[in-house]
$ cat run.cif   # mmCIF, C-alpha atoms and all ligand atoms; chains and numbers go by the auth columns
data_final
loop_
_atom_site.group_PDB
_atom_site.id
_atom_site.type_symbol
_atom_site.label_atom_id
_atom_site.label_comp_id
_atom_site.label_asym_id
_atom_site.label_seq_id
_atom_site.Cartn_x
_atom_site.Cartn_y
_atom_site.Cartn_z
_atom_site.B_iso_or_equiv
_atom_site.auth_seq_id
_atom_site.auth_asym_id
ATOM 1 C CA MET A 1 -31.004 -29.003 34.485 0.00 31 L
ATOM 2 C CA HIS A 2 -29.224 -26.704 36.854 0.00 32 L
ATOM 3 C CA VAL A 3 -26.400 -24.516 35.506 0.00 33 L
ATOM 4 C CA HIS A 4 -24.268 -22.913 38.120 0.00 34 L
ATOM 5 C CA ARG A 5 -24.324 -19.114 38.116 0.00 35 L
ATOM 6 C CA PHE A 6 -20.583 -18.721 37.445 0.00 36 L
ATOM 7 C CA GLU A 7 -20.799 -21.311 34.704 0.00 37 L
ATOM 8 C CA ARG A 8 -23.546 -19.293 33.042 0.00 38 L
ATOM 9 C CA ILE A 9 -21.520 -16.064 33.270 0.00 39 L
ATOM 10 C CA TRP A 10 -18.513 -17.681 31.617 0.00 40 L
ATOM 11 C CA LEU A 11 -20.712 -19.296 28.966 0.00 41 L
ATOM 12 C CA VAL A 12 -22.358 -15.994 28.033 0.00 42 L
ATOM 13 C CA GLY A 13 -18.987 -14.225 28.108 0.00 43 L
ATOM 14 C CA SER A 14 -17.334 -16.683 25.736 0.00 44 L
ATOM 15 C CA LEU A 15 -20.285 -16.553 23.318 0.00 45 L
ATOM 16 C CA LEU A 16 -20.064 -12.749 23.316 0.00 46 L
ATOM 17 C CA LEU A 17 -16.342 -12.976 22.517 0.00 47 L
ATOM 18 C CA ILE A 18 -17.056 -15.242 19.537 0.00 48 L
ATOM 19 C CA ALA A 19 -19.716 -12.838 18.245 0.00 49 L
ATOM 20 C CA LEU A 20 -17.312 -9.895 18.666 0.00 50 L
ATOM 21 C CA PHE A 21 -14.576 -11.782 16.816 0.00 51 L
ATOM 22 C CA VAL A 22 -16.849 -12.572 13.865 0.00 52 L
ATOM 23 C CA ALA A 23 -18.030 -8.934 13.762 0.00 53 L
ATOM 24 C CA THR A 24 -14.440 -7.643 13.759 0.00 54 L
ATOM 25 C CA VAL A 25 -13.362 -9.941 10.924 0.00 55 L
ATOM 26 C CA THR A 26 -16.459 -9.060 8.899 0.00 56 L
ATOM 27 C CA TYR A 27 -15.889 -5.343 9.380 0.00 57 L
ATOM 28 C CA GLY A 28 -12.243 -5.703 8.316 0.00 58 L
ATOM 29 C CA ALA A 29 -13.185 -7.655 5.192 0.00 59 L
ATOM 30 C CA VAL A 30 -16.029 -5.493 3.879 0.00 60 L
ATOM 31 C CA GLY A 31 -15.367 -2.136 5.513 0.00 61 L
ATOM 32 C CA ALA A 32 -12.163 -0.447 6.539 0.00 62 L
ATOM 33 C CA GLY A 33 -9.435 -2.160 4.502 0.00 63 L
ATOM 34 C CA TYR A 34 -10.721 -1.808 0.976 0.00 64 L
ATOM 35 C CA GLY A 35 -12.576 1.442 1.538 0.00 65 L
ATOM 36 C CA MET A 36 -9.390 3.260 2.399 0.00 66 L
ATOM 37 C CA VAL A 37 -7.584 2.312 -0.815 0.00 67 L
ATOM 38 C CA ASP A 38 -10.637 2.828 -2.957 0.00 68 L
ATOM 39 C CA ALA A 39 -11.432 6.293 -1.598 0.00 69 L
ATOM 40 C CA GLU A 40 -7.966 7.638 -2.389 0.00 70 L
ATOM 41 C CA GLY A 41 -6.858 6.146 -5.677 0.00 71 L
ATOM 42 C CA GLY A 42 -9.831 4.492 -7.331 0.00 72 L
ATOM 43 C CA GLN A 43 -10.145 1.264 -9.254 0.00 73 L
ATOM 44 C CA VAL A 44 -7.804 0.161 -12.022 0.00 74 L
ATOM 45 C CA ASP A 45 -7.374 -2.722 -14.447 0.00 75 L
ATOM 46 C CA GLY A 46 -6.216 -5.687 -12.332 0.00 76 L
ATOM 47 C CA THR A 47 -3.663 -7.130 -14.774 0.00 77 L
ATOM 48 C CA ASP A 48 -2.662 -4.045 -16.775 0.00 78 L
ATOM 49 C CA PRO A 49 -2.936 -0.964 -14.549 0.00 79 L
ATOM 50 C CA THR A 50 -1.570 1.384 -17.232 0.00 80 L
ATOM 51 C CA ALA A 51 -4.641 0.612 -19.366 0.00 81 L
ATOM 52 C CA SER A 52 -6.658 2.600 -16.808 0.00 82 L
ATOM 53 C CA GLU A 53 -7.455 6.304 -17.149 0.00 83 L
ATOM 54 C CA ASN A 54 -6.094 7.184 -13.700 0.00 84 L
ATOM 55 C CA VAL A 55 -2.730 5.431 -14.215 0.00 85 L
ATOM 56 C CA ARG A 56 0.220 6.616 -16.333 0.00 86 L
ATOM 57 C CA GLU A 57 3.253 4.677 -17.540 0.00 87 L
ATOM 58 C CA PRO A 58 5.608 4.003 -14.598 0.00 88 L
ATOM 59 C CA GLY A 59 7.869 7.009 -13.970 0.00 89 L
ATOM 60 C CA VAL A 60 8.227 10.487 -12.483 0.00 90 L
ATOM 61 C CA TYR A 61 6.032 13.312 -13.815 0.00 91 L
ATOM 62 C CA ASN A 62 5.829 17.032 -13.104 0.00 92 L
ATOM 63 C CA GLY A 63 2.755 17.707 -11.002 0.00 93 L
ATOM 64 C CA SER A 64 0.133 20.420 -11.161 0.00 94 L
ATOM 65 C CA GLU A 65 2.248 22.961 -9.245 0.00 95 L
ATOM 66 C CA ASP A 66 5.932 23.863 -9.017 0.00 96 L
ATOM 67 C CA GLY A 67 7.752 21.451 -6.739 0.00 97 L
ATOM 68 C CA HIS A 68 5.030 18.832 -6.978 0.00 98 L
ATOM 69 C CA TYR A 69 5.693 15.489 -8.635 0.00 99 L
ATOM 70 C CA ASP A 70 3.573 12.492 -9.454 0.00 100 L
ATOM 71 C CA VAL A 71 5.377 9.172 -9.308 0.00 101 L
ATOM 72 C CA TYR A 72 3.677 6.149 -10.875 0.00 102 L
ATOM 73 C CA VAL A 73 5.013 2.879 -9.511 0.00 103 L
ATOM 74 C CA GLU A 74 3.973 -0.586 -10.583 0.00 104 L
ATOM 75 C CA THR A 75 4.604 -3.531 -8.267 0.00 105 L
ATOM 76 C CA GLN A 76 4.994 -7.041 -9.609 0.00 106 L
ATOM 77 C CA ARG A 77 6.708 -10.260 -8.540 0.00 107 L
ATOM 78 C CA PHE A 78 9.397 -9.223 -7.457 0.00 108 L
ATOM 79 C CA LEU A 79 10.043 -5.692 -8.670 0.00 109 L
ATOM 80 C CA PHE A 80 9.184 -2.067 -8.141 0.00 110 L
ATOM 81 C CA VAL A 81 8.968 -0.326 -11.522 0.00 111 L
ATOM 82 C CA PRO A 82 10.680 2.078 -11.251 0.00 112 L
ATOM 83 C CA GLY A 83 12.657 1.533 -8.050 0.00 113 L
ATOM 84 C CA THR A 84 14.348 -1.846 -8.390 0.00 114 L
ATOM 85 C CA ASN A 85 16.296 -1.710 -11.675 0.00 115 L
ATOM 86 C CA GLU A 86 16.688 2.080 -11.505 0.00 116 L
ATOM 87 C CA PRO A 87 16.098 4.280 -8.476 0.00 117 L
ATOM 88 C CA ILE A 88 13.153 6.647 -8.300 0.00 118 L
ATOM 89 C CA ARG A 89 14.677 10.157 -8.439 0.00 119 L
ATOM 90 C CA VAL A 90 12.981 13.296 -7.154 0.00 120 L
ATOM 91 C CA PRO A 91 14.494 16.667 -6.223 0.00 121 L
ATOM 92 C CA ALA A 92 14.775 17.891 -2.635 0.00 122 L
ATOM 93 C CA ASN A 93 12.197 20.436 -1.408 0.00 123 L
ATOM 94 C CA SER A 94 9.455 18.683 -3.293 0.00 124 L
ATOM 95 C CA THR A 95 6.033 17.268 -2.622 0.00 125 L
ATOM 96 C CA VAL A 96 5.581 13.850 -4.132 0.00 126 L
ATOM 97 C CA THR A 97 2.399 11.886 -4.715 0.00 127 L
ATOM 98 C CA PHE A 98 2.996 8.186 -5.245 0.00 128 L
ATOM 99 C CA HIS A 99 0.419 6.327 -7.328 0.00 129 L
ATOM 100 C CA VAL A 100 1.084 2.655 -6.684 0.00 130 L
ATOM 101 C CA THR A 101 -0.541 -0.277 -8.471 0.00 131 L
ATOM 102 C CA SER A 102 0.030 -4.026 -8.792 0.00 132 L
ATOM 103 C CA ARG A 103 -0.184 -6.134 -11.921 0.00 133 L
ATOM 104 C CA ASP A 104 -0.279 -9.543 -10.220 0.00 134 L
ATOM 105 C CA VAL A 105 -0.715 -10.134 -6.498 0.00 135 L
ATOM 106 C CA LEU A 106 -0.853 -8.197 -3.248 0.00 136 L
ATOM 107 C CA HIS A 107 2.398 -6.358 -2.495 0.00 137 L
ATOM 108 C CA GLY A 108 3.560 -3.718 -0.065 0.00 138 L
ATOM 109 C CA PHE A 109 5.172 -0.337 -0.723 0.00 139 L
ATOM 110 C CA GLU A 110 7.129 0.941 2.245 0.00 140 L
ATOM 111 C CA ILE A 111 9.719 3.698 2.029 0.00 141 L
ATOM 112 C CA VAL A 112 11.977 2.769 4.899 0.00 142 L
ATOM 113 C CA GLY A 113 12.504 5.495 7.478 0.00 143 L
ATOM 114 C CA THR A 114 9.377 7.436 6.476 0.00 144 L
ATOM 115 C CA ASN A 115 5.735 6.924 7.351 0.00 145 L
ATOM 116 C CA ILE A 116 4.935 5.914 3.757 0.00 146 L
ATOM 117 C CA ASN A 117 3.659 2.369 3.933 0.00 147 L
ATOM 118 C CA THR A 118 0.767 1.040 1.885 0.00 148 L
ATOM 119 C CA MET A 119 -0.525 -2.188 0.432 0.00 149 L
ATOM 120 C CA THR A 120 -0.791 -2.442 -3.319 0.00 150 L
ATOM 121 C CA VAL A 121 -3.948 -4.341 -4.173 0.00 151 L
ATOM 122 C CA PRO A 122 -4.556 -5.716 -7.695 0.00 152 L
ATOM 123 C CA GLY A 123 -7.448 -3.729 -9.202 0.00 153 L
ATOM 124 C CA GLN A 124 -6.894 -0.735 -6.920 0.00 154 L
ATOM 125 C CA LYS A 125 -4.620 2.288 -6.943 0.00 155 L
ATOM 126 C CA ALA A 126 -2.992 3.403 -3.707 0.00 156 L
ATOM 127 C CA MET A 127 -2.083 7.097 -3.366 0.00 157 L
ATOM 128 C CA VAL A 128 0.217 8.619 -0.773 0.00 158 L
ATOM 129 C CA THR A 129 1.708 12.104 -0.658 0.00 159 L
ATOM 130 C CA ALA A 130 4.866 13.118 1.182 0.00 160 L
ATOM 131 C CA GLU A 131 7.310 16.030 1.368 0.00 161 L
ATOM 132 C CA PHE A 132 11.040 15.562 0.913 0.00 162 L
ATOM 133 C CA ASP A 133 13.077 18.529 2.156 0.00 163 L
ATOM 134 C CA GLU A 134 16.607 17.135 2.316 0.00 164 L
ATOM 135 C CA PRO A 135 18.684 15.126 -0.148 0.00 165 L
ATOM 136 C CA ALA A 136 18.690 11.504 1.003 0.00 166 L
ATOM 137 C CA GLU A 137 18.506 7.944 -0.154 0.00 167 L
ATOM 138 C CA TYR A 138 15.762 5.610 1.044 0.00 168 L
ATOM 139 C CA GLY A 139 15.177 1.923 0.633 0.00 169 L
ATOM 140 C CA ILE A 140 11.831 0.625 -0.595 0.00 170 L
ATOM 141 C CA VAL A 141 10.599 -2.772 0.567 0.00 171 L
ATOM 142 C CA CYS A 142 7.629 -5.029 0.010 0.00 172 L
ATOM 143 C CA ASN A 143 6.099 -6.074 3.292 0.00 173 L
ATOM 144 C CA GLU A 144 3.281 -8.297 2.081 0.00 174 L
ATOM 145 C CA TYR A 145 4.273 -11.885 1.426 0.00 175 L
ATOM 146 C CA CYS A 146 4.006 -12.265 -2.371 0.00 176 L
ATOM 147 C CA GLY A 147 5.816 -15.498 -3.217 0.00 177 L
ATOM 148 C CA SER A 148 9.231 -17.132 -3.310 0.00 178 L
ATOM 149 C CA GLY A 149 11.091 -13.901 -4.115 0.00 179 L
ATOM 150 C CA HIS A 150 9.301 -11.711 -1.588 0.00 180 L
ATOM 151 C CA HIS A 151 12.426 -11.197 0.522 0.00 181 L
ATOM 152 C CA THR A 152 14.345 -9.948 -2.548 0.00 182 L
ATOM 153 C CA MET A 153 11.725 -7.397 -3.565 0.00 183 L
ATOM 154 C CA GLU A 154 13.302 -4.025 -2.871 0.00 184 L
ATOM 155 C CA GLY A 155 14.109 -0.733 -4.507 0.00 185 L
ATOM 156 C CA SER A 156 15.389 2.730 -3.765 0.00 186 L
ATOM 157 C CA LEU A 157 14.332 6.351 -3.789 0.00 187 L
ATOM 158 C CA GLN A 158 16.912 9.099 -4.286 0.00 188 L
ATOM 159 C CA VAL A 159 16.102 12.628 -3.194 0.00 189 L
ATOM 160 C CA VAL A 160 18.703 14.638 -5.102 0.00 190 L
ATOM 161 C CA PRO A 161 19.960 18.202 -4.416 0.00 191 L
HETATM 162 CU CU1 LIG B . 6.062 -8.181 -3.195 0.00 1 E
HETATM 163 CU CU2 LIG B . 6.391 -9.255 -1.106 0.00 1 E
#
$ encode --input "run.cif" --output "structure tokens"
Amino acid sequence: MHVHRFERIWLVGSLLLIALFVATVTYGAVGAGYGMVDAEGGQVDGTDPTASENVREPGVYNGSEDGHYDVYVETQRFLFVPGTNEPIRVPANSTVTFHVTSRDVLHGFEIVGTNINTMTVPGQKAMVTAEFDEPAEYGIVCNEYCGSGHHTMEGSLQVVP
């Protein structure tokens, strides 16, 4: 059977694209995505994060140095604890490390107007550190679809003088 030269080129090209696509998806599933979260925060109990050694009760804690705070946030359908029912409060001129976990499904933790934006994966702890120099109020939103109340899942962060 004779296959035209151009036909062969397109055939090989499309097969290469399929192979590349499968490789990309595989890499995303086993490599980059989970590794990033795992490397920073470590693993936690998937349904009761506070039962884990590296997770404290939700709230704001004084950190290791002056002006450093650790904030433990738990995400759940459809709340940030703290954040939704009461704002997270930290002083201005502080460095804040957020330790964010989930006790049910995949959620997001984005502090609007900053570059803080992470997934919260059940069984994993996400850690992000940021500096807050000026008093301000920020919204917090969930940007991973997590169920019927996803669009209502929001909270706030107050940086107080
Ligand atoms: Cu939580 Cu969407």
$ residues_around --input "run.cif" --residues "Pro152 in chain L" --least-positions-apart "5" --cutoff "10 Å" --atoms "only C-alpha atoms" --output "compact mmCIF listing (two decimals) with C-alpha atoms, in the frame of the given file"
# COMPACT_ATOMS: atom_id res chain seq x y z
CA GLN L 73 -10.14 1.26 -9.25
CA VAL L 74 -7.80 0.16 -12.02
CA ASP L 75 -7.37 -2.72 -14.45
CA GLY L 76 -6.22 -5.69 -12.33
CA THR L 77 -3.66 -7.13 -14.77
CA ASP L 78 -2.66 -4.04 -16.77
CA PRO L 79 -2.94 -0.96 -14.55
CA THR L 105 4.60 -3.53 -8.27
CA GLN L 106 4.99 -7.04 -9.61
CA THR L 131 -0.54 -0.28 -8.47
CA SER L 132 0.03 -4.03 -8.79
CA ARG L 133 -0.18 -6.13 -11.92
CA ASP L 134 -0.28 -9.54 -10.22
CA VAL L 135 -0.72 -10.13 -6.50
CA LEU L 136 -0.85 -8.20 -3.25
CA HIS L 137 2.40 -6.36 -2.50
$ closest_residue --input "run.cif" --among "L:Glu104, L:Asp96, L:Glu37, L:Glu116" --to "ligand LIG 1 (chain E)" --atoms "all atoms listed in the file"
L:Glu104
$ resolve_selection --input "run.cif" --expression "the PyMOL selection byres (((chain L and resi 126) around 9) and not hetatm)" --output "list in words"
Gly93, Gly97, His98, Tyr99, Asp100, Val101, Val120, Ser124, Thr125, Thr127, Phe128, Val158, Thr159, Ala160, Glu161 and Phe162 of chain L
$ residues_near_ligand --input "run.cif" --ligand "ligand LIG 1 (chain E)" --cutoff "9 Å" --atoms "only C-alpha atoms and all ligand atoms" --output "list in words"
Thr105, Gln106, Arg107, Phe108, Leu109, Phe110, Val135, Leu136, His137, Gly138, Phe139, Thr150, Val171, Cys172, Asn173, Glu174, Tyr175, Cys176, Gly177, Ser178, Gly179, His180, His181, Thr182, Met183 and Glu184 of chain L
$ resolve_selection --input "run.cif" --expression "the PyMOL selection byres (((chain L and resi 83-86) around 9) and not hetatm)" --output "NGL selection string"
:L and (71-74 or 79-82 or 87-89 or 102 or 129-131 or 155)
$ atom_distance --input "run.cif" --atom1 "CA of Val190 in chain L" --atom2 "CA of Asn123 in chain L"
9.5 Å
$ residues_around --input "run.cif" --residues "Gly113 in chain L" --least-positions-apart "6" --cutoff "8 Å" --atoms "all atoms listed in the file" --output "list in words"
Val103, Ile170, Glu184, Gly185, Ser186 and Leu187 of chain L
$ atom_distance --input "run.cif" --atom1 "CA of Thr56 in chain L" --atom2 "CA of Met149 in chain L"
19.3 Å
$ residues_around --input "run.cif" --residues "Gln188 in chain L" --least-positions-apart "5" --cutoff "12 Å" --atoms "all atoms listed in the file" --output "PyMOL selection string"
chain L and resi 112-114+116-122+141+162+164-170
$ build_atoms --input "run.cif" --residues "range 122-148 of chain L" --atoms "N, CA and C atoms" --output "PDB file, in the coordinates of the input"
ATOM      1  N   ALA L 122      15.071  17.477  -4.008  1.00  0.00           N
ATOM      2  CA  ALA L 122      14.775  17.891  -2.635  1.00  0.00           C
ATOM      3  C   ALA L 122      13.813  19.082  -2.653  1.00  0.00           C
ATOM      4  N   ASN L 123      13.195  19.374  -1.529  1.00  0.00           N
ATOM      5  CA  ASN L 123      12.197  20.436  -1.408  1.00  0.00           C
ATOM      6  C   ASN L 123      11.023  20.209  -2.351  1.00  0.00           C
ATOM      7  N   SER L 124      10.577  18.983  -2.413  1.00  0.00           N
ATOM      8  CA  SER L 124       9.455  18.683  -3.293  1.00  0.00           C
ATOM      9  C   SER L 124       8.350  17.966  -2.535  1.00  0.00           C
ATOM     10  N   THR L 125       7.166  18.039  -3.120  1.00  0.00           N
ATOM     11  CA  THR L 125       6.033  17.268  -2.622  1.00  0.00           C
ATOM     12  C   THR L 125       5.748  16.193  -3.651  1.00  0.00           C
ATOM     13  N   VAL L 126       5.682  14.971  -3.202  1.00  0.00           N
ATOM     14  CA  VAL L 126       5.581  13.850  -4.132  1.00  0.00           C
ATOM     15  C   VAL L 126       4.336  13.020  -3.825  1.00  0.00           C
ATOM     16  N   THR L 127       3.527  12.805  -4.857  1.00  0.00           N
ATOM     17  CA  THR L 127       2.399  11.886  -4.715  1.00  0.00           C
ATOM     18  C   THR L 127       2.738  10.584  -5.428  1.00  0.00           C
ATOM     19  N   PHE L 128       2.740   9.508  -4.677  1.00  0.00           N
ATOM     20  CA  PHE L 128       2.996   8.186  -5.245  1.00  0.00           C
ATOM     21  C   PHE L 128       1.661   7.546  -5.618  1.00  0.00           C
ATOM     22  N   HIS L 129       1.602   7.061  -6.856  1.00  0.00           N
ATOM     23  CA  HIS L 129       0.419   6.327  -7.328  1.00  0.00           C
ATOM     24  C   HIS L 129       0.886   4.887  -7.535  1.00  0.00           C
ATOM     25  N   VAL L 130       0.496   3.994  -6.662  1.00  0.00           N
ATOM     26  CA  VAL L 130       1.084   2.655  -6.684  1.00  0.00           C
ATOM     27  C   VAL L 130       0.034   1.603  -7.032  1.00  0.00           C
ATOM     28  N   THR L 131       0.374   0.778  -8.031  1.00  0.00           N
ATOM     29  CA  THR L 131      -0.541  -0.277  -8.471  1.00  0.00           C
ATOM     30  C   THR L 131       0.197  -1.613  -8.489  1.00  0.00           C
ATOM     31  N   SER L 132      -0.560  -2.691  -8.659  1.00  0.00           N
ATOM     32  CA  SER L 132       0.030  -4.026  -8.792  1.00  0.00           C
ATOM     33  C   SER L 132      -0.514  -4.680 -10.044  1.00  0.00           C
ATOM     34  N   ARG L 133       0.354  -5.441 -10.745  1.00  0.00           N
ATOM     35  CA  ARG L 133      -0.184  -6.134 -11.921  1.00  0.00           C
ATOM     36  C   ARG L 133      -0.307  -7.648 -11.701  1.00  0.00           C
ATOM     37  N   ASP L 134      -0.035  -8.112 -10.456  1.00  0.00           N
ATOM     38  CA  ASP L 134      -0.279  -9.543 -10.220  1.00  0.00           C
ATOM     39  C   ASP L 134      -0.934  -9.813  -8.866  1.00  0.00           C
ATOM     40  N   VAL L 135      -0.154  -9.769  -7.799  1.00  0.00           N
ATOM     41  CA  VAL L 135      -0.715 -10.134  -6.498  1.00  0.00           C
ATOM     42  C   VAL L 135      -0.549  -8.978  -5.517  1.00  0.00           C
ATOM     43  N   LEU L 136      -0.979  -9.197  -4.297  1.00  0.00           N
ATOM     44  CA  LEU L 136      -0.853  -8.197  -3.248  1.00  0.00           C
ATOM     45  C   LEU L 136       0.618  -7.980  -2.906  1.00  0.00           C
ATOM     46  N   HIS L 137       1.048  -6.710  -2.920  1.00  0.00           N
ATOM     47  CA  HIS L 137       2.398  -6.358  -2.495  1.00  0.00           C
ATOM     48  C   HIS L 137       2.315  -5.240  -1.467  1.00  0.00           C
ATOM     49  N   GLY L 138       3.483  -4.872  -0.948  1.00  0.00           N
ATOM     50  CA  GLY L 138       3.560  -3.718  -0.065  1.00  0.00           C
ATOM     51  C   GLY L 138       4.467  -2.673  -0.691  1.00  0.00           C
ATOM     52  N   PHE L 139       4.312  -1.433  -0.263  1.00  0.00           N
ATOM     53  CA  PHE L 139       5.172  -0.337  -0.723  1.00  0.00           C
ATOM     54  C   PHE L 139       5.524   0.487   0.499  1.00  0.00           C
ATOM     55  N   GLU L 140       6.691   0.198   1.076  1.00  0.00           N
ATOM     56  CA  GLU L 140       7.129   0.941   2.245  1.00  0.00           C
ATOM     57  C   GLU L 140       8.429   1.641   1.914  1.00  0.00           C
ATOM     58  N   ILE L 141       8.471   2.961   2.165  1.00  0.00           N
ATOM     59  CA  ILE L 141       9.719   3.698   2.029  1.00  0.00           C
ATOM     60  C   ILE L 141      10.327   3.758   3.416  1.00  0.00           C
ATOM     61  N   VAL L 142      11.414   3.005   3.572  1.00  0.00           N
ATOM     62  CA  VAL L 142      11.977   2.769   4.899  1.00  0.00           C
ATOM     63  C   VAL L 142      12.451   4.078   5.527  1.00  0.00           C
ATOM     64  N   GLY L 143      12.087   4.303   6.761  1.00  0.00           N
ATOM     65  CA  GLY L 143      12.504   5.495   7.478  1.00  0.00           C
ATOM     66  C   GLY L 143      11.523   6.649   7.325  1.00  0.00           C
ATOM     67  N   THR L 144      10.429   6.437   6.585  1.00  0.00           N
ATOM     68  CA  THR L 144       9.377   7.436   6.476  1.00  0.00           C
ATOM     69  C   THR L 144       8.076   6.785   6.958  1.00  0.00           C
ATOM     70  N   ASN L 145       7.002   7.551   6.973  1.00  0.00           N
ATOM     71  CA  ASN L 145       5.735   6.924   7.351  1.00  0.00           C
ATOM     72  C   ASN L 145       4.925   6.501   6.128  1.00  0.00           C
ATOM     73  N   ILE L 146       5.607   6.399   4.963  1.00  0.00           N
ATOM     74  CA  ILE L 146       4.935   5.914   3.757  1.00  0.00           C
ATOM     75  C   ILE L 146       4.948   4.393   3.770  1.00  0.00           C
ATOM     76  N   ASN L 147       3.778   3.816   3.807  1.00  0.00           N
ATOM     77  CA  ASN L 147       3.659   2.369   3.933  1.00  0.00           C
ATOM     78  C   ASN L 147       2.247   1.997   3.522  1.00  0.00           C
ATOM     79  N   THR L 148       2.108   1.401   2.335  1.00  0.00           N
ATOM     80  CA  THR L 148       0.767   1.040   1.885  1.00  0.00           C
ATOM     81  C   THR L 148       0.780  -0.332   1.229  1.00  0.00           C
TER      82      THR L 148
END
